[in-house]
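Chemist: I'm passing along structure-v2.tsv; it holds TSV, C-alpha atoms.
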chain	number	residue	atom	x	y	z
U	1	MET	CA	-64.06	178.69	15.39
U	2	PHE	CA	-67.80	179.51	15.47
U	3	ALA	CA	-68.66	175.80	15.88
U	4	THR	CA	-66.22	175.56	18.79
U	5	VAL	CA	-67.78	178.50	20.62
U	6	MET	CA	-71.45	177.55	20.09
U	7	PRO	CA	-71.67	174.66	22.62
U	8	ASN	CA	-70.48	177.02	25.35
U	9	VAL	CA	-73.06	179.61	24.33
U	10	VAL	CA	-75.91	177.05	24.50
U	11	SER	CA	-74.74	175.61	27.81
U	12	ALA	CA	-74.64	179.11	29.32
U	13	GLU	CA	-78.31	179.72	28.49
U	14	THR	CA	-80.68	180.17	31.37
U	15	VAL	CA	-83.96	178.28	31.31
U	16	ILE	CA	-85.83	181.50	30.53
U	17	GLN	CA	-83.55	182.21	27.56
U	18	LYS	CA	-83.88	178.64	26.30
U	19	VAL	CA	-87.68	178.65	26.54
U	20	LYS	CA	-87.86	182.05	24.84
U	21	ARG	CA	-85.64	180.77	22.01
U	22	THR	CA	-87.33	177.41	21.48
U	23	GLY	CA	-90.89	178.02	22.67
U	24	VAL	CA	-90.72	174.73	24.64
U	25	LEU	CA	-90.68	174.10	28.39
U	26	THR	CA	-89.34	170.58	28.97
U	27	ALA	CA	-90.52	169.25	32.33
U	28	GLY	CA	-89.73	166.00	34.10
U	29	THR	CA	-92.23	164.20	36.30
U	30	SER	CA	-92.99	160.72	37.67
U	31	ARG	CA	-94.61	157.79	35.88
U	32	ASP	CA	-95.87	156.01	39.00
U	33	ALA	CA	-96.54	158.57	41.75
U	34	LEU	CA	-100.35	158.78	41.81
U	35	PRO	CA	-101.82	161.32	42.54
U	36	PHE	CA	-98.82	163.63	42.00
U	37	ALA	CA	-97.77	162.28	38.62
U	38	TYR	CA	-98.45	159.01	36.80
U	39	VAL	CA	-99.22	157.48	33.41
U	40	ASP	CA	-103.00	157.37	33.04
U	41	SER	CA	-105.17	154.87	31.15
U	42	GLN	CA	-104.58	156.78	27.91
U	43	GLY	CA	-100.83	156.57	28.27
U	44	LYS	CA	-100.44	160.25	29.18
U	45	LEU	CA	-98.63	161.78	32.13
U	46	ASN	CA	-101.21	163.23	34.48
U	47	GLY	CA	-101.62	164.29	38.11
U	48	TYR	CA	-101.49	167.10	40.64
U	49	SER	CA	-97.86	167.96	39.85
U	50	VAL	CA	-98.61	167.95	36.12
U	51	ASP	CA	-101.33	170.52	36.79
U	52	MET	CA	-98.71	172.62	38.63
U	53	LEU	CA	-96.47	172.38	35.57
U	54	THR	CA	-99.34	173.62	33.41
U	55	LEU	CA	-99.78	176.64	35.70
U	56	ILE	CA	-96.04	177.35	35.51
U	57	LYS	CA	-96.18	177.13	31.72
U	58	GLU	CA	-99.08	179.58	31.62
U	59	GLN	CA	-97.21	182.06	33.82
U	60	LEU	CA	-94.16	181.80	31.57
U	61	GLU	CA	-96.38	182.59	28.60
U	62	LYS	CA	-97.49	185.78	30.38
U	63	ASP	CA	-93.94	186.71	31.31
U	64	LEU	CA	-92.53	186.12	27.82
U	65	GLY	CA	-95.56	187.29	25.85
U	66	LYS	CA	-95.65	184.18	23.65
U	67	LYS	CA	-97.22	180.74	23.49
U	68	ILE	CA	-95.17	177.89	24.94
U	69	LYS	CA	-95.40	174.14	24.51
U	70	LEU	CA	-95.18	172.03	27.68
U	71	GLN	CA	-93.21	168.89	26.88
U	72	LEU	CA	-93.48	166.25	29.61
U	73	VAL	CA	-90.83	163.62	30.23
U	74	GLY	CA	-91.43	160.62	32.51
U	75	LEU	CA	-88.52	160.05	34.91
U	76	SER	CA	-87.58	157.58	37.61
U	77	PRO	CA	-86.47	159.06	40.97
U	78	SER	CA	-82.81	158.36	40.22
U	79	GLU	CA	-83.02	160.22	36.88
U	80	ARG	CA	-84.45	163.48	38.21
U	81	ILE	CA	-81.39	165.42	39.34
U	82	PRO	CA	-78.98	164.14	36.62
U	83	LYS	CA	-81.48	165.18	33.92
U	84	ILE	CA	-81.71	168.67	35.44
U	85	VAL	CA	-77.94	169.04	35.86
U	86	ASN	CA	-77.32	167.83	32.28
U	87	GLN	CA	-79.93	170.30	30.95
U	88	GLN	CA	-82.14	167.54	29.55
U	89	VAL	CA	-85.14	168.90	31.44
U	90	ASP	CA	-85.82	172.48	32.56
U	91	LEU	CA	-87.43	171.49	35.86
U	92	VAL	CA	-88.96	168.54	37.70
U	93	CYS	CA	-92.26	168.59	39.56
U	94	ASP	CA	-93.42	165.30	41.05
U	95	ALA	CA	-93.22	164.08	44.65
U	96	SER	CA	-89.75	165.49	45.35
U	97	SER	CA	-88.72	166.61	48.83
U	98	PHE	CA	-85.92	168.95	49.88
U	99	THR	CA	-82.62	167.62	51.23
U	100	TRP	CA	-79.37	169.52	51.77
U	101	LYS	CA	-77.53	166.98	49.62
U	102	ARG	CA	-79.90	167.57	46.70
U	103	ASP	CA	-79.74	171.32	47.26
U	104	LYS	CA	-76.04	171.27	46.37
U	105	LYS	CA	-76.96	170.25	42.82
U	106	VAL	CA	-80.36	171.87	42.17
U	107	ASP	CA	-82.59	174.58	43.61
U	108	PHE	CA	-86.01	173.97	45.14
U	109	SER	CA	-89.25	175.87	44.81
U	110	VAL	CA	-91.63	176.57	47.67
U	111	SER	CA	-93.52	173.49	48.84
U	112	TYR	CA	-96.94	173.01	47.25
U	113	GLY	CA	-97.82	169.80	49.12
U	114	VAL	CA	-96.94	167.88	52.25
U	115	THR	CA	-96.50	164.20	52.97
U	116	GLY	CA	-94.46	161.82	55.13
U	117	THR	CA	-92.73	158.44	55.09
U	118	GLN	CA	-94.86	155.42	56.02
U	119	LEU	CA	-94.84	151.67	55.43
U	120	LEU	CA	-97.15	149.57	53.28
U	121	VAL	CA	-97.50	146.03	54.62
U	122	LYS	CA	-99.63	142.95	54.17
U	123	LYS	CA	-102.69	142.87	56.42
U	124	GLY	CA	-101.90	141.41	59.82
U	125	SER	CA	-98.30	142.60	59.89
U	126	ASN	CA	-97.00	143.74	63.27
U	127	LEU	CA	-94.44	146.17	61.85
U	128	GLY	CA	-94.50	149.77	63.00
U	129	SER	CA	-92.27	150.55	65.95
U	130	PRO	CA	-88.55	151.09	65.33
U	131	GLU	CA	-87.79	147.87	67.20
U	132	SER	CA	-90.13	145.87	64.97
U	133	LEU	CA	-88.06	146.80	61.89
U	134	ILE	CA	-84.87	145.10	63.12
U	135	GLY	CA	-83.82	142.50	60.56
U	136	LYS	CA	-86.90	143.11	58.40
U	137	ARG	CA	-86.69	143.54	54.62
U	138	ILE	CA	-87.90	147.07	53.87
U	139	GLY	CA	-88.25	148.07	50.23
U	140	VAL	CA	-87.10	151.58	49.31
U	141	LEU	CA	-86.20	153.61	46.25
U	142	ALA	CA	-82.50	154.47	46.30
U	143	GLY	CA	-81.63	158.08	47.00
U	144	THR	CA	-85.07	159.03	48.30
U	145	THR	CA	-85.98	160.72	51.57
U	146	ASN	CA	-87.93	157.55	52.40
U	147	GLU	CA	-84.67	155.59	52.41
U	148	GLN	CA	-83.15	158.20	54.71
U	149	ALA	CA	-86.14	158.12	57.06
U	150	ILE	CA	-86.05	154.34	57.51
U	151	THR	CA	-82.28	154.37	58.03
U	152	ARG	CA	-82.67	157.11	60.64
U	153	VAL	CA	-85.42	155.23	62.47
U	154	GLN	CA	-83.79	151.78	62.44
U	155	THR	CA	-80.20	151.19	61.29
U	156	GLN	CA	-80.66	147.41	61.59
U	157	ALA	CA	-83.46	147.19	59.04
U	158	LYS	CA	-82.47	145.35	55.85
U	159	LEU	CA	-83.05	147.79	53.02
U	160	VAL	CA	-84.00	146.28	49.65
U	161	TYR	CA	-83.57	148.70	46.76
U	162	PHE	CA	-85.89	149.13	43.79
U	163	LYS	CA	-85.76	151.39	40.75
U	164	THR	CA	-89.52	152.01	40.57
U	165	ARG	CA	-92.44	151.99	42.99
U	166	THR	CA	-94.16	149.39	40.83
U	167	GLU	CA	-91.28	146.99	41.47
U	168	GLY	CA	-91.59	147.63	45.20
U	169	TYR	CA	-95.34	147.01	45.25
U	170	THR	CA	-94.87	143.79	43.27
U	171	ALA	CA	-92.20	142.57	45.67
U	172	LEU	CA	-94.52	143.19	48.63
U	173	GLN	CA	-97.34	141.30	46.91
U	174	GLN	CA	-95.00	138.37	46.20
U	175	GLY	CA	-93.69	138.35	49.77
U	176	THR	CA	-90.02	138.98	48.92
U	177	ILE	CA	-90.02	142.02	51.24
U	178	ASP	CA	-91.80	142.62	54.54
U	179	ALA	CA	-92.81	146.22	53.82
U	180	PHE	CA	-92.46	148.93	51.21
U	181	SER	CA	-91.61	152.46	52.30
U	182	SER	CA	-92.84	155.52	50.42
U	183	ASP	CA	-94.72	158.80	50.83
U	184	SER	CA	-97.98	158.34	52.72
U	185	ILE	CA	-100.11	159.91	49.98
U	186	LEU	CA	-98.50	157.75	47.29
U	187	LEU	CA	-99.12	154.60	49.32
U	188	GLU	CA	-102.73	155.65	49.85
U	189	GLY	CA	-103.08	156.27	46.12
U	190	TRP	CA	-101.80	152.78	45.27
U	191	LEU	CA	-104.00	151.18	47.92
U	192	GLN	CA	-107.17	152.86	46.69
U	193	GLN	CA	-106.51	151.59	43.16
U	194	GLN	CA	-106.23	147.90	44.13
U	195	LYS	CA	-108.92	145.27	43.57
U	196	ASN	CA	-108.05	143.71	46.94
U	197	PRO	CA	-107.17	146.71	49.16
U	198	ASP	CA	-108.12	144.79	52.32
U	199	ALA	CA	-105.12	142.52	51.77
U	200	PHE	CA	-102.76	145.41	52.56
U	201	ALA	CA	-102.51	148.22	55.06
U	202	ILE	CA	-100.55	151.40	55.70
U	203	VAL	CA	-98.95	151.14	59.14
U	204	PRO	CA	-100.97	153.52	61.32
U	205	GLY	CA	-99.55	156.19	63.57
U	206	ARG	CA	-97.23	159.11	63.12
U	207	PRO	CA	-95.18	159.05	59.87
U	208	TYR	CA	-91.43	158.45	60.19
U	209	SER	CA	-90.87	161.87	58.56
U	210	ARG	CA	-92.82	164.96	57.51
U	211	GLU	CA	-91.80	166.50	54.21
U	212	GLY	CA	-92.84	169.21	51.80
U	213	ILE	CA	-93.36	168.47	48.11
U	214	ALA	CA	-91.57	170.91	45.80
U	215	CYS	CA	-90.30	171.42	42.24
U	216	MET	CA	-86.60	171.29	41.38
U	217	VAL	CA	-84.91	173.67	38.93
U	218	PRO	CA	-81.33	174.10	37.70
U	219	GLU	CA	-79.04	176.20	39.85
U	220	ASN	CA	-78.30	179.82	38.87
U	221	ASN	CA	-81.77	180.37	37.36
U	222	SER	CA	-83.16	182.99	39.72
U	223	LYS	CA	-85.69	184.50	37.30
U	224	PHE	CA	-87.07	181.10	36.37
U	225	LEU	CA	-87.34	180.09	40.02
U	226	ASP	CA	-89.19	183.37	40.67
U	227	THR	CA	-91.75	182.39	38.02
U	228	VAL	CA	-92.12	178.87	39.42
U	229	ASN	CA	-92.62	180.17	42.97
U	230	TYR	CA	-95.05	182.86	41.85
U	231	SER	CA	-97.13	180.27	39.99
U	232	LEU	CA	-97.26	177.92	42.96
U	233	VAL	CA	-98.05	180.61	45.53
U	234	LYS	CA	-100.75	182.03	43.25
U	235	PHE	CA	-102.31	178.57	43.08
U	236	MET	CA	-102.16	178.02	46.84
U	237	GLN	CA	-103.51	181.48	47.60
U	238	GLY	CA	-106.34	180.92	45.14
U	239	PHE	CA	-107.16	177.53	46.63
U	240	VAL	CA	-107.19	178.80	50.22
U	241	ASN	CA	-109.36	181.76	49.15
U	242	GLY	CA	-111.83	179.52	47.30
U	243	VAL	CA	-111.05	180.54	43.71
U	244	GLY	CA	-113.01	178.06	41.58
U	245	ARG	CA	-110.30	176.95	39.18
U	246	TYR	CA	-107.74	176.26	41.90
U	247	VAL	CA	-110.20	174.48	44.18
U	248	ALA	CA	-111.16	172.27	41.23
U	249	ILE	CA	-107.52	171.38	40.58
U	250	PHE	CA	-106.94	170.37	44.20
U	251	ASP	CA	-110.20	168.44	44.52
U	252	ARG	CA	-109.52	166.61	41.25
U	253	TRP	CA	-106.68	164.79	43.02
U	254	PHE	CA	-107.50	165.01	46.73
U	255	GLY	CA	-111.25	165.69	47.02
U	256	PRO	CA	-114.00	163.24	48.04
U	257	ASN	CA	-114.32	161.75	44.52
U	258	SER	CA	-110.62	161.84	43.68
U	259	PRO	CA	-108.09	159.00	43.23
U	260	VAL	CA	-106.72	159.77	46.72
U	261	ALA	CA	-109.34	161.31	48.99
U	262	LEU	CA	-107.57	162.97	51.91
U	263	ASN	CA	-108.98	162.51	55.38
U	264	ARG	CA	-109.88	165.68	57.27
U	265	ASP	CA	-106.69	165.75	59.37
U	266	LEU	CA	-104.38	165.45	56.35
U	267	ARG	CA	-106.39	167.98	54.34
U	268	ASP	CA	-106.18	170.43	57.25
U	269	LEU	CA	-102.42	169.87	57.42
U	270	VAL	CA	-102.07	170.63	53.70
U	271	VAL	CA	-104.11	173.83	54.01
U	272	GLU	CA	-102.16	174.87	57.12
U	273	THR	CA	-98.87	174.37	55.25
U	274	MET	CA	-100.10	176.36	52.27
U	275	GLN	CA	-101.25	179.20	54.50
U	276	LEU	CA	-97.87	179.34	56.20
U	277	ILE	CA	-96.10	179.69	52.85
U	278	ILE	CA	-98.58	182.35	51.70
U	279	ASP	CA	-98.20	184.37	54.91
U	280	PHE	CA	-94.45	184.74	54.38
U	281	ARG	CA	-94.95	186.40	50.99
U	282	GLU	CA	-96.66	189.42	49.56
U	283	GLU	CA	-100.20	188.68	48.42
U	284	VAL	CA	-100.55	187.89	44.74
U	285	PRO	CA	-102.77	190.59	43.15
U	286	LYS	CA	-106.34	189.42	42.66
U	287	SER	CA	-106.22	190.78	39.11
U	288	ASP	CA	-103.62	188.11	38.29
U	289	ASN	CA	-105.80	185.15	39.32
Hey, can you dump this file as structure tokens for me?

Modeler:
Amino acid sequence: MFATVMPNVVSAETVIQKVKRTGVLTAGTSRDALPFAYVDSQGKLNGYSVDMLTLIKEQLEKDLGKKIKLQLVGLSPSERIPKIVNQQVDLVCDASSFTWKRDKKVDFSVSYGVTGTQLLVKKGSNLGSPESLIGKRIGVLAGTTNEQAITRVQTQAKLVYFKTRTEGYTALQQGTIDAFSSDSILLEGWLQQQKNPDAFAIVPGRPYSREGIACMVPENNSKFLDTVNYSLVKFMQGFVNGVGRYVAIFDRWFGPNSPVALNRDLRDLVVETMQLIIDFREEVPKSDN
């Protein structure tokens, strides 16, 4: 009888209860979404979103009064929500954007970044306007907001689906697709890492969509979501106010010497978005920075 009841007890655990019991925060993130999350040269998951996960872990340690291990799990975009729903990860922070469809299955944190959908093409391509996409082979990751953006812009584009961004980039290099669609910052990150960046280009102009980057947590975990949001707002407030540690984290991934150096307009947009989120909340006490 005890064995029959136990699975229900475990499944009813909140994330906070589970972390308190096990001392482990299991977090999902991307393997190929530089600079948000990627596998580095040492085979470790690293990136801006991984730094956010570290800050969340540290806040949980304060809240629970005990040391916690952050266990990272590399996930493909299609694995993110199923892993959360099935309780295989406690949260996901990578390059995820809010959609109402996703919100029916998971809850979203405040946005800690901003990006938009753009196209990566071979140099000399004339793609860009909605009309130019008619009949063209556009690579997308299934179930992403990038797929939705391209479909919304041009229903007659021929979408070609890939499981990973690496597969999409390879297909573009081999010429089996005309363009690959992804978040503008991720495309810029890939481009800046190539030996022949001049062979490719990000289609200039206004992105096809503008989206916030957020973490996803299981539904019905209000206290855990409070901790996640507090951690992210504390970071953004610290960055905007020039707190050394938080400025260093941001500049590590987006500063002048980073893997993806943001231009002034995009950096200003990020700061503006952060400030907007901060303004709608009570200021985090300076003593907690």

Chemist: For Gly116 (chain U), work out the shell of residues within 7 Å, counting only C-alpha atoms and skipping chain neighbours fewer than 4 positions away, then give it as an mmCIF file with C-alpha atoms, in the coordinates of the input.

Modeler:
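New file selection-v3.cif:
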data_model
loop_
_atom_site.group_PDB
_atom_site.id
_atom_site.type_symbol
_atom_site.label_atom_id
_atom_site.label_comp_id
_atom_site.auth_asym_id
_atom_site.auth_seq_id
_atom_site.Cartn_x
_atom_site.Cartn_y
_atom_site.Cartn_z
ATOM 1 C CA ASP U 183 -94.720 158.800 50.830
ATOM 2 C CA SER U 184 -97.980 158.340 52.720
ATOM 3 C CA PRO U 207 -95.180 159.050 59.870
ATOM 4 C CA TYR U 208 -91.430 158.450 60.190
ATOM 5 C CA SER U 209 -90.870 161.870 58.560
ATOM 6 C CA ARG U 210 -92.820 164.960 57.510
ATOM 7 C CA GLU U 211 -91.800 166.500 54.210
#

Chemist: Padding 3 Å on every side, please: axis-aligned box over the listed atoms of region 102-112 of chain U, centre and edge lengths to one decimal in Å, as AutoDock Vina command-line options.

Modeler:
--center_x -86.5 --center_y 172.1 --center_z 45.5 --size_x 26.9 --size_y 15.0 --size_z 12.7

Chemist: Tell me, as a ChimeraX atom specification, which residues lie within 7 Å of region 258-267 of chain U, counting all atoms listed in the file; anything in the same chain fewer than 5 positions away does not count.

Modeler: /U:35,188-189,192,251-253

Chemist: Quick one: write out the picked residues with C-alpha atoms as a tab-separated table (two decimals), in the frame of the given file?

Modeler:
chain	number	residue	atom	x	y	z
U	35	PRO	CA	-101.82	161.32	42.54
U	188	GLU	CA	-102.73	155.65	49.85
U	189	GLY	CA	-103.08	156.27	46.12
U	192	GLN	CA	-107.17	152.86	46.69
U	251	ASP	CA	-110.20	168.44	44.52
U	252	ARG	CA	-109.52	166.61	41.25
U	253	TRP	CA	-106.68	164.79	43.02

Chemist: Tell me which of U:Val121, U:Val240, U:Leu127, U:Arg245 sits closest to Gln173 (chain U), counting all atoms listed in the file.

Modeler: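 The answer is U:Val121, which sits nearest to Gln173 (chain U).
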
Chemist: Please measure the separation of CA of Ile177 (chain U) and CA of Lys158 (chain U), giving the value in Å to one decimal.

Modeler: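 Answer for the CA of Ile177 (chain U) to CA of Lys158 (chain U) separation: 9.5 Å.
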
Chemist: List the neighbours of region 22-27 of chain U out to 12 Å using only C-alpha atoms; skip same-chain residues closer than 3 positions along the sequence, and give me the result as a ChimeraX atom specification.

Modeler: /U:10,13,15-19,30,37,45,49-61,64-75,80,83-84,87-94,215-218,224

Chemist: Counting all atoms listed in the file, figure out which residue out of U:Ser132, U:Glu219, U:Lys195, U:Ser78 gets nearest to Phe162 (chain U).

Modeler: U:Ser78

Chemist: I'd like to know which of U:Gln237, U:Ser125, U:Thr144, U:Thr166 is closest to Ile278 (chain U), using all atoms listed in the file.

Modeler: U:Gln237

Chemist: Hey, can you check how far CA of Ser76 (chain U) sits from CA of Arg165 (chain U)?

Modeler: 9.2 Å

Chemist: Could you pull the residues within 12 Å of Asn241 (chain U), counting only C-alpha atoms, minus those fewer than 2 positions along the same chain, as an NGL selection string?

Modeler: :U and (233-239 or 243-247 or 271 or 274-275 or 278 or 283-284 or 286 or 289)

Chemist: So what do you get for CA of Gly168 (chain U) versus CA of Gln118 (chain U), distance-wise?

Modeler: 13.7 Å

Chemist: From the list U:Ala33, U:Ala214, U:Val114, U:Leu172, which residue is nearest Glu272 (chain U) when using only C-alpha atoms?

Modeler: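 For Glu272 (chain U), the nearest of the given residues is U:Val114.
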
Chemist: Which residue is closest to Pro130 (chain U)? Choose from U:Val85, U:Ala149, U:Ala201, U:Ala142 and count only C-alpha atoms.

Modeler: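 Closest residue, counting only C-alpha atoms: U:Ala149.
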
Chemist: Restricting the calculation to only C-alpha atoms: of U:Val110, U:Ser41, U:Ser97, U:Leu186, which residue gets closest to Gln148 (chain U)?

Modeler: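 Distance minimum relative to Gln148 (chain U) lands on U:Ser97.
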
Chemist: For Gly212 (chain U), work out the shell of residues within 8 Å, counting all atoms listed in the file and skipping chain neighbours fewer than 4 positions away, then give it as an NGL selection string.

Modeler: :U and (97-98 or 111-115)
